[in-house]
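Some notes on the structure that comes next.
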Amino acid sequence: MKIRCLIADDEPLALKLIADYISRIPHLELIGSCKRATDIPGFAGQVDLLFLDIRMPGLSGIELLRSLPVKPLVIMITAYSEYAIEGFELDVTDYLVKPVTFERFLQAVNKATLQYELQHRMVLPPQSIQVAEPTGDAGKKDYFFVKSGFKSVRINFGDILYIEGLKEYVSIYTAGDRKFVKLAALKDLEQMLPKELFIRVHKSYIVAVHKVTAAYGNVVELNQVSLPVGRMYKEAVMKVFS
């Protein structure tokens with residue numbers, strides 16, 4: 001899966017920075033950049049994700065979004081926080097205020113990636129997680145059940161790649177390219193999972209230790225997925241993967 005990206009910003013340094021950030025994320029593909037909002041319609045049908053500045057010569061980013069009959073996913077990147085409410089009213093995925101750190105950029109991209117998958121792939125509906133009641137050998141259990149409709153689906157700990165927590169729900173990514181979505185707090189799952197198999201790397205992510213393929217700087221990789229490492233978790237993460 002490649003998400004095709006376009007950058008629209010009239011500041012050369014901003015264009016360069018966002019292009020560099022995009023190049024660090026394997027599933028993103030930069031197809032072009034432009035310095036005027038009026039150039040964006042020329043990329044119609046080619047763009048999945050638009051990184052859009054607000055104040056540009058001529059037509060503003062806000063005015064452009066209002067004029068587009070069909071919009072790609074949009075992440076606004078601007079120096080002006082006062083447009084945030086208006087941006088979200090136009091259904092943008094995220095709103096980043098300059099200067100943008102890579103960690104914050106990656107959070108926004110992960111939101112966009114989830115929305116892209118929801119639009120283009122079959123995603124299981126919100127689930128309810130049920131943990132097996134403790135028994136004499138509860139410490140040996142390596143699975144839990146997710147309730148889906150009238151049946152419960154078993155999820156083995158060994159199949160989990162990582163878990164993402166967004167404000168109102170969590171997404172459990174497993175082997176076989178499957179995803180289970182549940183309205184819940186990430187901390188509840190963290191308490192459930194065995195600490196020797198999983199590690200919290202960020203306020204929004206838990207990863208399976210044995211599924212991590214690389215760790216460097218403030219990033220861990222699981223094959224084609226790059227996840228940020230939060231500052232308060234970095235020391236513990238580096239101890240595990242050093």
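We label chains A, B, ... in the order they appear in the structure tokens, count residues from 1 in each chain, and number ligands from 1 in the order shown.
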
For this session: Show which residues sit within 9 Å of A:Asp48, as a ChimeraX atom specification. Count only C-alpha atoms, and ignore same-chain residues fewer than 5 positions away.
Result: /A:3-6,71-74,116

For this session: Can you pull out every residue within 6 Å of A:Ile75, counting only C-alpha atoms, but drop anything in the same chain fewer than 3 positions away, and send it as a VMD selection string?
Result: chain A and resid 51 93 to 95

Problem set entry | Distance query A:Asn223 at most 9 Å, only C-alpha atoms, self and fewer than 5 positions along chain excluded, as a VMD selection string | chain A and resid 211 to 214

For this session: Report the residues of chain A whose backbone DSSP state falls under helix (DSSP H, G or I), written as a VMD selection string.
Result: chain A and resid 12 to 23 37 to 43 61 to 67 81 to 89 102 to 120 138 to 140 157 to 159 186 to 192 209 to 211 231 to 241

Exercise. Mind pulling up the distance from atom CA of A:Val225 to atom CA of A:Ser242?
Worked result: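 Between atom CA of A:Ser242 and atom CA of A:Val225 the gap is 19.5 Å.
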
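Among the candidates A:Phe180, A:Tyr169, A:Tyr216, A:Phe157, the one nearest to A:Leu197 when counting only C-alpha atoms is A:Phe157.
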
Name all residues at most 9 Å from A:Ile18 (count only C-alpha atoms; drop same-chain ones fewer than 6 positions away) and give them as a CSV table (one decimal) with C-alpha atoms, in the first residue's frame.
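Below you can see out.csv, which holds the result:
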chain,number,residue,atom,x,y,z
A,7,ILE,CA,2.5,19.2,-0.5
A,51,PHE,CA,-0.4,18.5,3.2
A,100,VAL,CA,6.3,20.6,13.1
A,102,PHE,CA,8.6,14.5,13.2
A,105,PHE,CA,3.9,14.6,11.9

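The shortest atom-to-atom distance to A:Gly61, with only C-alpha atoms taken into account, belongs to A:Ile77 out of A:Ala108, A:Leu49, A:Ile77, A:Leu189.
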
Problem set entry | Residue contacts of A:Met56 (7 Å, only C-alpha atoms) excluding same-chain residues fewer than 4 positions away, as a ChimeraX atom specification | /A:9-10,36-37,60

Problem set entry | Top pick for closest residue to A:Leu90, considering A:Val109, A:Leu166, A:Met76, A:Leu65 and counting only C-alpha atoms |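 With only C-alpha atoms as the atom set, the closest residue is A:Leu65.
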
Problem set entry | strand (DSSP E) call set, DSSP backbone run, chain A, as a PyMOL selection string | chain A and resi 3-8+28-34+49-52+73-78+94-97+126-130+143-148+151-156+160-165+170-174+178-182+198-202+205-208+214-216+219-222+225-228

The selected residues should be written to file as a JSON list (two decimals), in the first residue's frame (atoms: C-alpha atoms).
[["chain", "number", "residue", "atom", "x", "y", "z"],
["A", 3, "ILE", "CA", -0.49, 6.60, -0.01],
["A", 4, "ARG", "CA", 0.15, 9.25, -2.67],
["A", 5, "CYS", "CA", 0.99, 12.63, -1.14],
["A", 6, "LEU", "CA", 1.03, 16.21, -2.35],
["A", 7, "ILE", "CA", 2.52, 19.19, -0.47],
["A", 8, "ALA", "CA", 1.10, 22.68, -0.98],
["A", 28, "LEU", "CA", 3.97, 7.32, 1.81],
["A", 29, "GLU", "CA", 4.83, 8.36, -1.76],
["A", 30, "LEU", "CA", 5.43, 12.03, -2.62],
["A", 31, "ILE", "CA", 4.05, 12.68, -6.10],
["A", 32, "GLY", "CA", 4.61, 16.44, -6.17],
["A", 33, "SER", "CA", 4.59, 19.83, -4.49],
["A", 34, "CYS", "CA", 3.23, 23.25, -5.34],
["A", 49, "LEU", "CA", -3.24, 12.77, 1.14],
["A", 50, "LEU", "CA", -2.72, 16.52, 0.87],
["A", 51, "PHE", "CA", -0.42, 18.46, 3.21],
["A", 52, "LEU", "CA", -1.89, 21.93, 2.93],
["A", 73, "LEU", "CA", -7.47, 13.37, 3.01],
["A", 74, "VAL", "CA", -6.06, 16.66, 4.27],
["A", 75, "ILE", "CA", -3.51, 17.50, 6.95],
["A", 76, "MET", "CA", -3.21, 21.24, 7.43],
["A", 77, "ILE", "CA", 0.24, 22.61, 8.27],
["A", 78, "THR", "CA", 0.32, 26.28, 9.18],
["A", 94, "ASP", "CA", -5.33, 16.83, 11.50],
["A", 95, "TYR", "CA", -4.05, 20.38, 12.05],
["A", 96, "LEU", "CA", -0.34, 20.91, 12.63],
["A", 97, "VAL", "CA", 1.16, 24.20, 13.78],
["A", 126, "PRO", "CA", -16.17, -1.76, 16.64],
["A", 127, "GLN", "CA", -15.61, -4.72, 18.95],
["A", 128, "SER", "CA", -15.94, -5.46, 22.64],
["A", 129, "ILE", "CA", -12.96, -7.11, 24.31],
["A", 130, "GLN", "CA", -13.63, -9.82, 26.84],
["A", 143, "TYR", "CA", -5.03, -14.95, 24.11],
["A", 144, "PHE", "CA", -8.20, -12.99, 24.70],
["A", 145, "PHE", "CA", -11.53, -12.84, 22.94],
["A", 146, "VAL", "CA", -13.06, -10.00, 20.95],
["A", 147, "LYS", "CA", -16.83, -10.01, 20.77],
["A", 148, "SER", "CA", -18.11, -9.40, 17.24],
["A", 151, "LYS", "CA", -19.70, -14.53, 18.13],
["A", 152, "SER", "CA", -16.40, -14.09, 19.95],
["A", 153, "VAL", "CA", -13.16, -14.06, 17.97],
["A", 154, "ARG", "CA", -10.00, -15.34, 19.60],
["A", 155, "ILE", "CA", -6.92, -13.10, 19.29],
["A", 156, "ASN", "CA", -3.64, -14.76, 20.20],
["A", 160, "ILE", "CA", -0.72, -8.96, 17.59],
["A", 161, "LEU", "CA", 1.63, -6.57, 15.81],
["A", 162, "TYR", "CA", 0.75, -3.37, 17.61],
["A", 163, "ILE", "CA", -2.13, -1.51, 19.21],
["A", 164, "GLU", "CA", -2.96, 2.10, 18.52],
["A", 165, "GLY", "CA", -4.97, 4.25, 20.88],
["A", 170, "VAL", "CA", -8.20, 1.47, 20.03],
["A", 171, "SER", "CA", -7.18, -0.39, 16.90],
["A", 172, "ILE", "CA", -5.61, -3.84, 17.32],
["A", 173, "TYR", "CA", -3.45, -4.78, 14.32],
["A", 174, "THR", "CA", -2.78, -8.48, 13.93],
["A", 178, "ARG", "CA", -6.43, -7.75, 10.07],
["A", 179, "LYS", "CA", -7.59, -4.97, 12.34],
["A", 180, "PHE", "CA", -10.04, -4.96, 15.22],
["A", 181, "VAL", "CA", -11.47, -1.65, 16.42],
["A", 182, "LYS", "CA", -12.88, -1.07, 19.89],
["A", 198, "PHE", "CA", 4.59, -6.08, 24.80],
["A", 199, "ILE", "CA", 5.98, -2.62, 25.46],
["A", 200, "ARG", "CA", 4.41, 0.81, 25.51],
["A", 201, "VAL", "CA", 6.49, 3.00, 23.17],
["A", 202, "HIS", "CA", 4.27, 6.08, 23.08],
["A", 205, "TYR", "CA", 1.08, 2.88, 20.88],
["A", 206, "ILE", "CA", 1.84, -0.54, 22.33],
["A", 207, "VAL", "CA", 3.98, -2.88, 20.21],
["A", 208, "ALA", "CA", 4.77, -6.58, 20.29],
["A", 214, "ALA", "CA", 14.19, -1.95, 13.63],
["A", 215, "ALA", "CA", 14.59, 0.74, 16.28],
["A", 216, "TYR", "CA", 16.46, 4.01, 15.85],
["A", 219, "VAL", "CA", 11.16, 5.48, 15.84],
["A", 220, "VAL", "CA", 10.41, 1.76, 15.90],
["A", 221, "GLU", "CA", 9.55, -0.15, 12.76],
["A", 222, "LEU", "CA", 7.34, -3.17, 12.26],
["A", 225, "VAL", "CA", 4.92, 0.57, 9.65],
["A", 226, "SER", "CA", 6.90, 3.31, 11.44],
["A", 227, "LEU", "CA", 5.76, 4.31, 14.93],
["A", 228, "PRO", "CA", 7.05, 7.15, 17.13]]

Problem set entry | A:Pro69 environment, 12 Å, only C-alpha atoms, sequence neighbours closer than 4 positions dropped, as a PyMOL selection string | chain A and resi 41+44-45+64-65

Exercise. What is the distance, in Å and to one decimal place, between atom CA of A:Val237 and atom CA of A:Ala184?
Worked result: 24.2 Å
